[in-house]
Structure formats: C-alpha cells, structure tokens
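Remarks on the structure that follows.
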Amino acid sequence: MNKRPRIKSKILPGPKAKKIVRRDEFILSPSMTRSYPLVVDKALGAWITDPDGNLFLDFTCGLSVTNTGHCHPKVLKAMKSQMDRLIHMSGTDFYYEIQVTLAEQLAKIAPLEKGRKKVFFCNSGAEAVESAFKCARYHTKRQKVIAFLGAFHGRTMGALSLTGSKSRQKERFSPLVPGVTHVPYATCYRCPYGLKYPSCDVHCAKVIEEEYFKTVLPAEEVAAIIVEPIQGEGGFNVPPPKYHATLKQIAHKYGILLIMDEVQAGMGRTGECFAINHWKVKPDIITMAKGIASGMPLGAIVTTEKIMDWKPGSHASTFGGNPVACASAVATLKLLETQLLKNVRKLGPYLGKRLKELETKYEIIGDVRGVGFMWGVELVKDRKTKVRAIKERDKMVDLAFEKGLLILGAGENSIRIVPPLIASKSELDVAIDILDQCFLELKKKRRK
Ligand SMILES: Cc1ncc(COP(=O)(O)O)c(C=O)c1O
C-alpha cells in the first residue's frame with residue numbers, strides 16, 4: 001500500500017508544535033508569511049515529521065530547494081566528509097579545491113554561448129541576482145535594466161528593484177535602485193494584450209523593441225534584460241515557444257545582456273538542468289541558487305569570461321562558495337545527472353496529466369500549466385470571467401495541510417506543485433488524491 005500522510009493530532013498544530021509556533025511568533029521577525037503552522041522536526045525524502053509525530057508529504061521542497069529530497073544519503077555523505085576536512089576558509093581570499101570543482105562542473109552544464117566560462121559564488125538567490133545585475137552594469141557600462149511584471153528576484157535592494165511581484169514587498173523601502181523598467185511577462189492565460197499564441201507572434205516580447213525602445217527607454221542605455229525562464233512566484237507562468245528566443249534576439253541587436261534567473265526553475269526542476277534548455281536559448285548570464293545545494297545556502301552566476309570582466313576587489317562574498325555547500329552541490333549535480341532528471345522526465349508528463357484530470361472535474365480550476373515537476377494550478381471564480389479565486393486558493397492550501405499534503409501558493413490565486421525530484425509515481429498519486437479530496441470539499445463548501 002502507498003505510504004500516506006498520517007495526521008494524529010486532533011487539530012493542527014498539535015500541542016508540541018503549537019508551543020514552538022508561539023515562541024517563534026514572540027521572537028522572530030513578523031515580516032515572514034507562513035501560510036499554515038507547519039513545524040518541522042525531521043525530514044527524509046519527500047516526508048516531513050512534526051514534533052507531534054504527524055507525517056506530511058512535502059510538495060513544497062522547502063520553497064523549491066530540497067530537489068534531491070530531504071537529507072538525501074549521498075548529499076549527507078558528501079557534506080559530512082567535507083565537514084571532517086574543512087568547513088570554511090572564504091573563497092574570497094583563499095583557494096580550495098571543492099569550489100573549483102563545482103565551478104568547473106557548472107561551467108560545463110550551463111547553456112551559454114561557446115567560450116571560456118566564469119563562475120561567481122554567493123549564498124542565496126537574491127545575491128546571485130545582485131551579482132548578475134552588477135556584472136551586467138560593469139561589463140556594459142550601461143545603467144538600465146528591463147525586468148518583468150510578476151517577476152520575483154529577491155529582497156535585497158538591487159534584487160527587490162528588479163522584483164515586480166507584490167507591492168507589499170516594496171512598500172516603504174524606496175528609494176530603490178533606479179533604472180529598472182518593468183514590462184508585462186508572457187502570461188498567456190491572461191494575455192496583457194488580449195491576444196492568443198501563436199497568432200500574437202509573441203507581441204509581449206516584441207513590444208520591448210516596438211514600444212518601449214521607441215518611447216521611454218533608449219535601447220543603448222539598457223545593460224540587461226533579466227527574466228525567469230518560467231515565472232515562479234508570479235504564478236508559474238510558462239512562456240510560449242518563441243518567447244525567450246525573441247527576447248534574446250532583441251537583446252543582442254542592441255548589445256544588451258540576457259540574464260536568465262534560474263533560481264527557482266533550474267537545477268532539474270523541469271527535467272532539464274536549466275529550464276531555459278526547453279526553449280533552446282543561450283542566455284549571457286545565468287543565476288542559480290535554491291536547489292543547487294539541496295538545502296545548503298549557495299548561489300552562483302555563470303557567464304562567459306568576456307562578460308565577467310570585473311577587476312579584483314569589485315565583487316566578493318565572505319561565505320560565497322562555502323566548502324560544505326559546494327560539496328553538497330557536487331553531490332546534488334551527480335544525483336541530477338544519474339537519476340533525478342530521468343525521474344522527472346518520466347513522471348513529469350504523468351503529473352501534468354493527473355493535474356489536468358482535476359481541471360476537467362473542478363470548475364474552479366482555470367488553468368493548469370507547467371513542465372517536469374514544476375506545476376501551477378490557477379483558481380478562478382468563473383472560467384469565463386477568470387476572476388481570481390484568492391480566498392479559495394488560500395483555503396485549498398490550508399485544506400491540503402490539514403490532510404497532510406504540503407503545498408504553497410504562487411501569485412495571487414495559483415497553487416504550486418513542486419515535488420522533490422526523487423518523488424515516486426505512488427507519491428504523486430497520493431498527492432493528487434489529496435488534492436482531489438480538497439477540491440471536492442471546497443466545492444461542497446462553496447455550494448453552502
Ligand atoms: C526566480 C527567483 N530569483 C531569486 C529568488 C531569491 O532567492 P532567495 O530567496 O534565495 O534570495 C527567488 C526566490 O524565490 C526566485 O524564485
């Protein structure tokens with residue numbers, strides 16, 4: 001029989017978890033948004049146990065991070081062996097082999113144009129974005145950047161300036177870094193121009209050249225276009241086939257760098273090491289973090305030697321490229337190559353098919369979209385008007401938690417389904433069964 005979540009507590013959080021939630025809320029920053037009171041005691045593979053012994057199936061991957069599953073034995077082994085040798089020596093000032101090894105491997109797999117590659121390590125997605133932003137300004141000697149509405153690139157001042165997701169994230173933090181113009185993304189389900197692919201001919205990309213460059217944004221002042229291959233926090237929006245190639249064409253016509261933010265969609269999540277491989281486009285700079293080191297804090301940018309031409313002292317990070325994080329990343333890459341990409345390629349279409357079956361059953365589902373193990377389900381009050389079902393989405397996330405399935409929201413009214421890349425068919429089935437029950441309950445509640 002399939003392993004299933006086990007909720008022993010009468011209500012969640014159970015007594016032990018509740019105490020921790022109280023202590024947390026007393027002492028920790030109120031800026032965090034916890035969707036539901038999950039307290040994690042321990043975790044293995046796709047499964048999480050809370051302090052009261054409740055067992056949850058984790059389809060959040062700790063915010064798209066634990067792609068190899070929690071505490072994968074091969075990742076642990078690599079980290080433990082590195083810890084016995086060296087935990088820290090700052091790659092900014094000194095040399096150590098594991099950082100070089102990881103850089104060599106990333107350079108090999110990063111889908112960039114031919115030529116020698118260069119890698120810069122940091123600690124998070126936001127820092128990777130900051131690094132790409134700075135690298136682009138430094139190399140081009142230009143100041144402006146094009147980013148997208150709905151994009152999430154992080155919360156440090158530079159990354160936040162590029163973020164175009166929720167105004168709450170920017171409220172009272174201005175002035176931000178100047179020179180950023182946000183343009184609409186390829187949100188085909190809600191095309192900002194009311195068009196349809198393919199007859200639209202990716203107008204949403206072409207508009208950059210045809211409108212913005214002609215009116216408000218001189219192309220020769222633009223250093224970079226930063227874009228997510230699939231928009232994550234913005235609602236798991238998957239652009240149409242020609243989209244990224246058109247962005248690249250426009251960028252290169254004007255000497256602009258194309259930065260691909262692979263922080264969320266990268267590291268095997270879509271069945272390719274980098275999501276942009278699905279579009280067969282080679283960007284100029286790639287940012288990565290989250291899944292790169294199976295939960296250890298690590299971020300990186302990879303670009304060409306020609307582009308990363310900054311001088312010693314211009315950019316660095318004390319903890320960037322930490323040896324234990326690098327060892328974890330090397331083990332993670334090996335797992336991707338040997339097992340996980342295969343698993344996602346095999347089971348990704350099955351997951352999509354099962355989610356689309358739910359779409360045929362429940363009117364509240366407006367759209368199901370995704371690739372590999374990265375799926376978004378958008379909820380609407382009415383399929384014709386597409387009015388966003390925001391409260392219902394939050395309710396779905398809560399219901400799933402109560403039944404032992406961990407999912408999270410994306411955008412205002414979508415849920416994101418991001419299983420660990422090790423997930424088996426039966427684990428996917430368990431998750432779909434629970435989602436089915438939740439949608440049914442939601443339907444009954446809406447009728448009342
Ligand atoms: C595409 C993308 N870029 C950057 C970030 C920022 O990463 P971090 O939270 O590690 O700073 C995120 C985080 O969700 C992201 O999804």
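In the structure tokens, the first chain shown is A, the next is B, and so on; residue numbers restart at 1 for each chain, and ligands run from 1 in the order shown.
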Can I get the residues of chain A within 8 Å of ligand 1, each with the closest pair of atoms and their distance in Å to one decimal, using only C-alpha atoms and all ligand atoms, sorted chain first then ascending number, as a Markdown table?
| residue | atom | partner | partner_atom_place_in_ligand_line | distance |
| --- | --- | --- | --- | --- |
| A:Leu63 | CA | ligand 1 | 14 (O) | 7.1 |
| A:Asn123 | CA | ligand 1 | 10 (O) | 7.7 |
| A:Ser124 | CA | ligand 1 | 10 (O) | 4.0 |
| A:Gly125 | CA | ligand 1 | 7 (O) | 3.2 |
| A:Ala126 | CA | ligand 1 | 11 (O) | 3.6 |
| A:Glu127 | CA | ligand 1 | 11 (O) | 6.4 |
| A:Ala128 | CA | ligand 1 | 4 (C) | 7.6 |
| A:Val129 | CA | ligand 1 | 4 (C) | 6.4 |
| A:Ala151 | CA | ligand 1 | 1 (C) | 7.3 |
| A:Phe152 | CA | ligand 1 | 2 (C) | 5.3 |
| A:His153 | CA | ligand 1 | 4 (C) | 3.6 |
| A:Gly154 | CA | ligand 1 | 6 (C) | 3.7 |
| A:Arg155 | CA | ligand 1 | 11 (O) | 6.5 |
| A:Thr156 | CA | ligand 1 | 11 (O) | 7.7 |
| A:Ala159 | CA | ligand 1 | 4 (C) | 7.6 |
| A:Glu228 | CA | ligand 1 | 1 (C) | 5.8 |
| A:Gln231 | CA | ligand 1 | 1 (C) | 7.0 |
| A:Gly232 | CA | ligand 1 | 16 (O) | 5.6 |
| A:Glu233 | CA | ligand 1 | 16 (O) | 5.9 |
| A:Asp261 | CA | ligand 1 | 1 (C) | 5.4 |
| A:Glu262 | CA | ligand 1 | 1 (C) | 6.0 |
| A:Val263 | CA | ligand 1 | 2 (C) | 4.7 |
| A:Gln264 | CA | ligand 1 | 16 (O) | 4.5 |
| A:Ala265 | CA | ligand 1 | 1 (C) | 7.1 |
| A:Thr287 | CA | ligand 1 | 3 (N) | 7.9 |
| A:Met288 | CA | ligand 1 | 3 (N) | 7.9 |
| A:Ala289 | CA | ligand 1 | 10 (O) | 6.3 |
| A:Lys290 | CA | ligand 1 | 10 (O) | 5.9 |
| A:Pro297 | CA | ligand 1 | 10 (O) | 8.0 |
| A:Gly299 | CA | ligand 1 | 10 (O) | 7.6 |
Selection from above, C-alpha atoms, as a CSV table (one decimal), in the first residue's frame, can you write it?
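Okay, selection.csv is ready:
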chain,number,residue,atom,x,y,z
A,63,LEU,CA,10.4,26.6,-1.3
A,123,ASN,CA,24.9,32.5,-0.7
A,124,SER,CA,21.4,33.0,-2.0
A,125,GLY,CA,19.1,33.7,-5.0
A,126,ALA,CA,18.9,37.4,-4.2
A,127,GLU,CA,22.7,37.6,-4.1
A,128,ALA,CA,23.0,35.8,-7.3
A,129,VAL,CA,20.6,38.3,-8.9
A,151,ALA,CA,8.8,38.6,-11.5
A,152,PHE,CA,10.4,37.7,-8.2
A,153,HIS,CA,14.2,38.1,-8.0
A,154,GLY,CA,14.7,38.5,-4.2
A,155,ARG,CA,14.6,41.1,-1.5
A,156,THR,CA,17.9,42.8,-1.2
A,159,ALA,CA,17.1,42.3,-6.4
A,228,GLU,CA,12.8,33.9,-15.3
A,231,GLN,CA,7.8,32.8,-13.8
A,232,GLY,CA,7.8,31.2,-10.3
A,233,GLU,CA,6.4,33.4,-7.5
A,261,ASP,CA,17.1,33.8,-13.5
A,262,GLU,CA,17.1,30.0,-13.0
A,263,VAL,CA,17.0,30.3,-9.2
A,264,GLN,CA,13.6,28.6,-8.9
A,265,ALA,CA,13.2,26.8,-12.3
A,287,THR,CA,21.7,32.9,-11.9
A,288,MET,CA,21.2,29.9,-9.7
A,289,ALA,CA,20.5,29.1,-6.1
A,290,LYS,CA,17.7,27.2,-4.2
A,297,PRO,CA,22.9,28.2,1.3
A,299,GLY,CA,24.1,30.9,-5.0
Find the residues around Ala431 of chain A up to 10 Å (only C-alpha atoms counted), leave out those fewer than 3 positions away in its own chain, and share them as a JSON list (two decimals) with N, CA and C atoms, in the first residue's frame.
[["chain", "number", "residue", "atom", "x", "y", "z"],
["A", 4, "ARG", "N", 1.18, 6.98, 3.16],
["A", 4, "ARG", "CA", 0.29, 8.14, 3.14],
["A", 4, "ARG", "C", 0.61, 9.05, 4.32],
["A", 5, "PRO", "N", 0.24, 10.32, 4.22],
["A", 5, "PRO", "CA", 0.41, 11.21, 5.38],
["A", 5, "PRO", "C", -0.38, 10.65, 6.56],
["A", 57, "LEU", "N", 3.44, 14.90, 3.50],
["A", 57, "LEU", "CA", 4.10, 14.73, 2.20],
["A", 57, "LEU", "C", 4.48, 16.12, 1.70],
["A", 58, "ASP", "N", 5.76, 16.33, 1.48],
["A", 58, "ASP", "CA", 6.25, 17.68, 1.19],
["A", 58, "ASP", "C", 6.35, 17.94, -0.31],
["A", 59, "PHE", "N", 5.35, 18.66, -0.84],
["A", 59, "PHE", "CA", 5.40, 19.07, -2.25],
["A", 59, "PHE", "C", 5.68, 20.57, -2.33],
["A", 351, "LEU", "N", 2.40, 13.61, -14.00],
["A", 351, "LEU", "CA", 1.91, 14.57, -13.01],
["A", 351, "LEU", "C", 1.01, 15.61, -13.70],
["A", 400, "ALA", "N", -5.21, 21.18, 2.23],
["A", 400, "ALA", "CA", -4.17, 20.19, 1.90],
["A", 400, "ALA", "C", -3.28, 19.96, 3.13],
["A", 403, "LYS", "N", -4.78, 17.75, 5.62],
["A", 403, "LYS", "CA", -4.79, 16.33, 5.19],
["A", 403, "LYS", "C", -3.38, 15.78, 5.02],
["A", 404, "GLY", "N", -2.39, 16.60, 5.35],
["A", 404, "GLY", "CA", -1.01, 16.10, 5.34],
["A", 404, "GLY", "C", -0.25, 16.30, 4.06],
["A", 405, "LEU", "N", -0.78, 17.14, 3.15],
["A", 405, "LEU", "CA", -0.02, 17.44, 1.93],
["A", 405, "LEU", "C", 0.44, 18.90, 1.99],
["A", 406, "LEU", "N", 1.74, 19.10, 1.84],
["A", 406, "LEU", "CA", 2.27, 20.46, 1.90],
["A", 406, "LEU", "C", 2.40, 21.03, 0.50],
["A", 407, "ILE", "N", 1.64, 22.09, 0.26],
["A", 407, "ILE", "CA", 1.77, 22.84, -1.00],
["A", 407, "ILE", "C", 1.81, 24.31, -0.63],
["A", 417, "ILE", "N", 2.81, 23.16, -7.35],
["A", 417, "ILE", "CA", 3.06, 21.75, -7.05],
["A", 417, "ILE", "C", 4.52, 21.50, -7.43],
["A", 419, "PRO", "N", 7.04, 18.77, -6.36],
["A", 419, "PRO", "CA", 7.52, 17.60, -5.62],
["A", 419, "PRO", "C", 9.04, 17.53, -5.66],
["A", 425, "LYS", "N", 6.00, 7.52, -8.45],
["A", 425, "LYS", "CA", 4.65, 7.62, -9.02],
["A", 425, "LYS", "C", 3.61, 7.51, -7.92],
["A", 426, "SER", "N", 3.86, 6.63, -6.95],
["A", 426, "SER", "CA", 2.84, 6.46, -5.91],
["A", 426, "SER", "C", 2.77, 7.71, -5.01],
["A", 427, "GLU", "N", 3.89, 8.39, -4.82],
["A", 427, "GLU", "CA", 3.83, 9.64, -4.04],
["A", 427, "GLU", "C", 3.06, 10.72, -4.80],
["A", 428, "LEU", "N", 3.25, 10.75, -6.12],
["A", 428, "LEU", "CA", 2.48, 11.71, -6.93],
["A", 428, "LEU", "C", 0.99, 11.38, -6.83],
["A", 434, "ILE", "N", -5.15, 13.55, -2.59],
["A", 434, "ILE", "CA", -5.46, 14.54, -1.54],
["A", 434, "ILE", "C", -5.98, 15.83, -2.17],
["A", 435, "LEU", "N", -5.35, 16.25, -3.25],
["A", 435, "LEU", "CA", -5.83, 17.47, -3.93],
["A", 435, "LEU", "C", -7.27, 17.28, -4.38],
["A", 436, "ASP", "N", -7.55, 16.09, -4.91],
["A", 436, "ASP", "CA", -8.91, 15.76, -5.36],
["A", 436, "ASP", "C", -9.90, 15.93, -4.20],
["A", 437, "GLN", "N", -9.54, 15.34, -3.05],
["A", 437, "GLN", "CA", -10.42, 15.46, -1.87],
["A", 437, "GLN", "C", -10.61, 16.93, -1.47]]
* Asked: If we count only C-alpha atoms, what is near Ala107 of chain A at a cut-off of 8 Å, once residues fewer than 2 positions away on the same chain are taken out, given as a ChimeraX atom specification?
  -> /A:103-105,109-110,117-119,302
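Across A:Ala186, A:His139, A:Asp309, A:Val330, the tightest approach to Gln82 of chain A is made by A:Val330 when counting only C-alpha atoms.
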* Counting only C-alpha atoms, the option among A:Ser314, A:Gln249, A:Thr360, A:Asn322 closest to Lys134 of chain A -> A:Ser314
* To do: Please report, as a PyMOL selection string, each residue of segment 68-222 of chain A to which DSSP assigns strand (DSSP E) when run on this structure's backbone.
  => chain A and resi 117-122+144-148+180-183+222
* Of the residues A:Ala46, A:Ala316, A:Ile230, A:Ile27, which is the one nearest to Thr187 of chain A, using only C-alpha atoms? ->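 The answer is A:Ile230, which sits nearest to Thr187 of chain A.
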* To do: Grab the atom CA of Ile365 of chain A to atom CA of Leu379 of chain A distance for me, in Å with one decimal place.
  =>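 Going from atom CA of Ile365 of chain A over to atom CA of Leu379 of chain A covers 4.7 Å.
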* To do: Just the residues within 12 Å of Ile48 of chain A, please, counting only C-alpha atoms, with nothing from its chain fewer than 2 positions along; format it as a ChimeraX atom specification.
  => /A:4-7,38-46,50-62,66,69-71,401,404-406
* To do: Can you check which residues of segment 238-376 of chain A DSSP gives as alpha helix (DSSP H) on the backbone and send them as a PyMOL selection string?
  => chain A and resi 243-253+323-335+341-361
Dump C-alpha atoms for the selected residues as a CSV table (one decimal), in the first residue's frame?
chain,number,residue,atom,x,y,z
A,243,TYR,CA,9.3,33.9,-26.3
A,244,HIS,CA,12.8,33.6,-25.0
A,245,ALA,CA,14.4,33.4,-28.4
A,246,THR,CA,12.7,36.7,-29.3
A,247,LEU,CA,14.0,38.3,-26.1
A,248,LYS,CA,17.5,37.2,-26.9
A,249,GLN,CA,17.2,38.4,-30.5
A,250,ILE,CA,16.1,41.9,-29.2
A,251,ALA,CA,18.8,42.0,-26.5
A,252,HIS,CA,21.6,41.1,-28.9
A,253,LYS,CA,20.5,43.5,-31.6
A,323,PRO,CA,33.2,24.3,1.1
A,324,VAL,CA,30.3,22.3,2.7
A,325,ALA,CA,27.7,23.9,0.4
A,326,CYS,CA,30.0,23.2,-2.6
A,327,ALA,CA,30.4,19.6,-1.6
A,328,SER,CA,26.6,19.3,-1.3
A,329,ALA,CA,26.2,20.9,-4.7
A,330,VAL,CA,28.7,18.5,-6.3
A,331,ALA,CA,26.7,15.6,-4.9
A,332,THR,CA,23.4,17.2,-6.0
A,333,LEU,CA,24.6,17.6,-9.6
A,334,LYS,CA,25.7,13.9,-9.6
A,335,LEU,CA,22.3,12.8,-8.5
A,341,LEU,CA,16.5,14.2,-14.4
A,342,LYS,CA,15.4,10.7,-15.7
A,343,ASN,CA,12.7,10.5,-13.0
A,344,VAL,CA,11.4,14.0,-13.7
A,345,ARG,CA,11.3,13.3,-17.5
A,346,LYS,CA,9.5,10.1,-16.9
A,347,LEU,CA,7.0,11.2,-14.3
A,348,GLY,CA,6.6,14.9,-15.2
A,349,PRO,CA,4.1,14.3,-18.0
A,350,TYR,CA,2.2,11.9,-15.7
A,351,LEU,CA,1.9,14.6,-13.0
A,352,GLY,CA,0.7,17.1,-15.6
A,353,LYS,CA,-1.9,14.6,-16.9
A,354,ARG,CA,-3.3,13.9,-13.4
A,355,LEU,CA,-3.5,17.6,-12.6
A,356,LYS,CA,-5.3,18.2,-15.9
A,357,GLU,CA,-7.8,15.5,-15.0
A,358,LEU,CA,-8.6,17.5,-11.9
A,359,GLU,CA,-9.1,20.5,-14.2
A,360,THR,CA,-11.8,18.5,-16.1
A,361,LYS,CA,-13.5,17.7,-12.8
* Asked: Separation of atom CA of Arg116 of chain A and atom CA of Glu97 of chain A, in Å?
  ->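 Computing the Euclidean distance for atom CA of Arg116 of chain A and atom CA of Glu97 of chain A yields 19.1 Å.
Once Phe439 of chain A and its same-chain neighbours fewer than 4 positions away are set aside, Tyr362, Met396, Leu435 and Lys443 of chain A remain within 8 Å of it when counting only C-alpha atoms.
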Restricting the output to N, CA and C atoms, write the selected residues as a JSON list (two decimals), in the first residue's frame.
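Ended up saving to out.json:
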[["chain", "number", "residue", "atom", "x", "y", "z"],
["A", 362, "TYR", "N", -13.15, 19.93, -11.86],
["A", 362, "TYR", "CA", -13.49, 21.05, -10.98],
["A", 362, "TYR", "C", -13.46, 22.38, -11.72],
["A", 396, "MET", "N", -7.60, 26.13, -0.15],
["A", 396, "MET", "CA", -7.07, 24.87, -0.70],
["A", 396, "MET", "C", -5.74, 24.51, -0.05],
["A", 435, "LEU", "N", -5.35, 16.25, -3.25],
["A", 435, "LEU", "CA", -5.83, 17.47, -3.93],
["A", 435, "LEU", "C", -7.27, 17.28, -4.38],
["A", 443, "LYS", "N", -15.57, 22.55, -3.14],
["A", 443, "LYS", "CA", -16.78, 22.65, -3.97],
["A", 443, "LYS", "C", -18.03, 22.58, -3.08]]
* Asked: Skipping near chain neighbours, those fewer than 2 positions away, what residues fall within 10 Å of Phe148 of chain A using only C-alpha atoms, listed as an MDAnalysis selection string?
  -> chainID A and resid 146 150:152 162:165 180:186 225:228 231 234
For the residues in that selection, give me N, CA and C atoms as a PDB file, in the first residue's frame.
ATOM      1  N   ILE A 146      15.826  45.938 -17.881  1.00  0.00           N
ATOM      2  CA  ILE A 146      14.413  45.589 -18.103  1.00  0.00           C
ATOM      3  C   ILE A 146      14.110  44.336 -17.284  1.00  0.00           C
ATOM      4  N   GLY A 150       5.350  40.765 -12.293  1.00  0.00           N
ATOM      5  CA  GLY A 150       5.123  39.409 -11.782  1.00  0.00           C
ATOM      6  C   GLY A 150       6.411  38.691 -11.404  1.00  0.00           C
ATOM      7  N   ALA A 151       7.554  39.268 -11.796  1.00  0.00           N
ATOM      8  CA  ALA A 151       8.828  38.589 -11.522  1.00  0.00           C
ATOM      9  C   ALA A 151       9.181  38.644 -10.045  1.00  0.00           C
ATOM     10  N   PHE A 152       9.844  37.614  -9.577  1.00  0.00           N
ATOM     11  CA  PHE A 152      10.434  37.678  -8.236  1.00  0.00           C
ATOM     12  C   PHE A 152      11.920  37.374  -8.369  1.00  0.00           C
ATOM     13  N   LEU A 162      14.338  44.836  -9.018  1.00  0.00           N
ATOM     14  CA  LEU A 162      14.004  44.067 -10.225  1.00  0.00           C
ATOM     15  C   LEU A 162      12.707  43.281 -10.049  1.00  0.00           C
ATOM     16  N   THR A 163      12.383  42.983  -8.801  1.00  0.00           N
ATOM     17  CA  THR A 163      11.165  42.231  -8.492  1.00  0.00           C
ATOM     18  C   THR A 163       9.936  43.039  -8.894  1.00  0.00           C
ATOM     19  N   GLY A 164       8.949  42.352  -9.465  1.00  0.00           N
ATOM     20  CA  GLY A 164       7.731  43.065  -9.891  1.00  0.00           C
ATOM     21  C   GLY A 164       6.502  42.287  -9.484  1.00  0.00           C
ATOM     22  N   SER A 165       6.589  41.673  -8.315  1.00  0.00           N
ATOM     23  CA  SER A 165       5.593  40.692  -7.929  1.00  0.00           C
ATOM     24  C   SER A 165       4.459  41.268  -7.080  1.00  0.00           C
ATOM     25  N   VAL A 180      15.248  50.732 -13.455  1.00  0.00           N
ATOM     26  CA  VAL A 180      14.582  49.471 -13.801  1.00  0.00           C
ATOM     27  C   VAL A 180      13.219  49.758 -14.431  1.00  0.00           C
ATOM     28  N   THR A 181      12.974  49.170 -15.583  1.00  0.00           N
ATOM     29  CA  THR A 181      11.651  49.276 -16.219  1.00  0.00           C
ATOM     30  C   THR A 181      11.010  47.890 -16.241  1.00  0.00           C
ATOM     31  N   HIS A 182       9.806  47.798 -15.694  1.00  0.00           N
ATOM     32  CA  HIS A 182       9.083  46.520 -15.713  1.00  0.00           C
ATOM     33  C   HIS A 182       8.126  46.472 -16.903  1.00  0.00           C
ATOM     34  N   VAL A 183       8.186  45.388 -17.637  1.00  0.00           N
ATOM     35  CA  VAL A 183       7.270  45.219 -18.768  1.00  0.00           C
ATOM     36  C   VAL A 183       6.453  43.949 -18.524  1.00  0.00           C
ATOM     37  N   PRO A 184       5.277  43.818 -19.162  1.00  0.00           N
ATOM     38  CA  PRO A 184       4.456  42.623 -18.931  1.00  0.00           C
ATOM     39  C   PRO A 184       5.168  41.342 -19.376  1.00  0.00           C
ATOM     40  N   TYR A 185       4.932  40.268 -18.637  1.00  0.00           N
ATOM     41  CA  TYR A 185       5.518  38.949 -18.949  1.00  0.00           C
ATOM     42  C   TYR A 185       4.548  38.183 -19.864  1.00  0.00           C
ATOM     43  N   ALA A 186       5.007  37.047 -20.341  1.00  0.00           N
ATOM     44  CA  ALA A 186       4.163  36.214 -21.206  1.00  0.00           C
ATOM     45  C   ALA A 186       3.200  35.384 -20.363  1.00  0.00           C
ATOM     46  N   ILE A 225      18.414  42.535 -19.842  1.00  0.00           N
ATOM     47  CA  ILE A 225      17.032  42.085 -19.634  1.00  0.00           C
ATOM     48  C   ILE A 225      17.148  40.910 -18.679  1.00  0.00           C
ATOM     49  N   ILE A 226      16.496  41.001 -17.523  1.00  0.00           N
ATOM     50  CA  ILE A 226      16.518  39.860 -16.596  1.00  0.00           C
ATOM     51  C   ILE A 226      15.156  39.194 -16.603  1.00  0.00           C
ATOM     52  N   VAL A 227      15.168  37.880 -16.786  1.00  0.00           N
ATOM     53  CA  VAL A 227      13.896  37.169 -16.957  1.00  0.00           C
ATOM     54  C   VAL A 227      13.981  35.780 -16.332  1.00  0.00           C
ATOM     55  N   GLU A 228      12.867  35.327 -15.784  1.00  0.00           N
ATOM     56  CA  GLU A 228      12.782  33.945 -15.308  1.00  0.00           C
ATOM     57  C   GLU A 228      12.346  33.075 -16.498  1.00  0.00           C
ATOM     58  N   GLN A 231       8.019  31.895 -14.925  1.00  0.00           N
ATOM     59  CA  GLN A 231       7.844  32.806 -13.792  1.00  0.00           C
ATOM     60  C   GLN A 231       7.306  32.022 -12.593  1.00  0.00           C
ATOM     61  N   GLY A 234       5.388  34.533  -9.440  1.00  0.00           N
ATOM     62  CA  GLY A 234       4.349  35.269 -10.160  1.00  0.00           C
ATOM     63  C   GLY A 234       3.176  34.398 -10.588  1.00  0.00           C
TER      64      GLY A 234
END
* Asked: Interatomic distance between atom CA of Gly372 of chain A and atom CA of Leu336 of chain A?
  ->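 Separation of atom CA of Gly372 of chain A and atom CA of Leu336 of chain A: 13.3 Å.
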* Spatial neighbours of Leu442 of chain A, 8 Å, only C-alpha atoms, chain gap at least 4 places, as a VMD selection string -> chain A and resid 392 395 to 396 438 446
Residues from the last selection, N, CA and C atoms, saved as an mmCIF file, in the first residue's frame:
data_model
loop_
_atom_site.group_PDB
_atom_site.id
_atom_site.type_symbol
_atom_site.label_atom_id
_atom_site.label_comp_id
_atom_site.auth_asym_id
_atom_site.auth_seq_id
_atom_site.Cartn_x
_atom_site.Cartn_y
_atom_site.Cartn_z
ATOM 1 N N GLU A 392 -10.264 31.200 -2.021
ATOM 2 C CA GLU A 392 -10.408 29.754 -2.268
ATOM 3 C C GLU A 392 -9.027 29.111 -2.410
ATOM 4 N N LYS A 395 -7.667 28.692 0.953
ATOM 5 C CA LYS A 395 -8.398 27.605 1.619
ATOM 6 C C LYS A 395 -7.874 26.247 1.151
ATOM 7 N N MET A 396 -7.603 26.126 -0.151
ATOM 8 C CA MET A 396 -7.072 24.871 -0.703
ATOM 9 C C MET A 396 -5.740 24.508 -0.048
ATOM 10 N N CYS A 438 -9.528 17.687 -1.523
ATOM 11 C CA CYS A 438 -9.594 19.104 -1.123
ATOM 12 C C CYS A 438 -10.505 19.888 -2.079
ATOM 13 N N ARG A 446 -18.427 25.764 -1.125
ATOM 14 C CA ARG A 446 -18.857 26.907 -1.940
ATOM 15 C C ARG A 446 -20.361 26.840 -2.217
#
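With only C-alpha atoms as the atoms that count, the minimum distance from Thr304 of chain A to the choices A:Met79, A:Val145, A:Val380, A:Ile285 is reached by A:Ile285.
Candidate residues A:Ile208, A:Ala147, A:Ile256, A:Leu102 were compared for distance to Ala223 of chain A, and the nearest is A:Ile256, using only C-alpha atoms.
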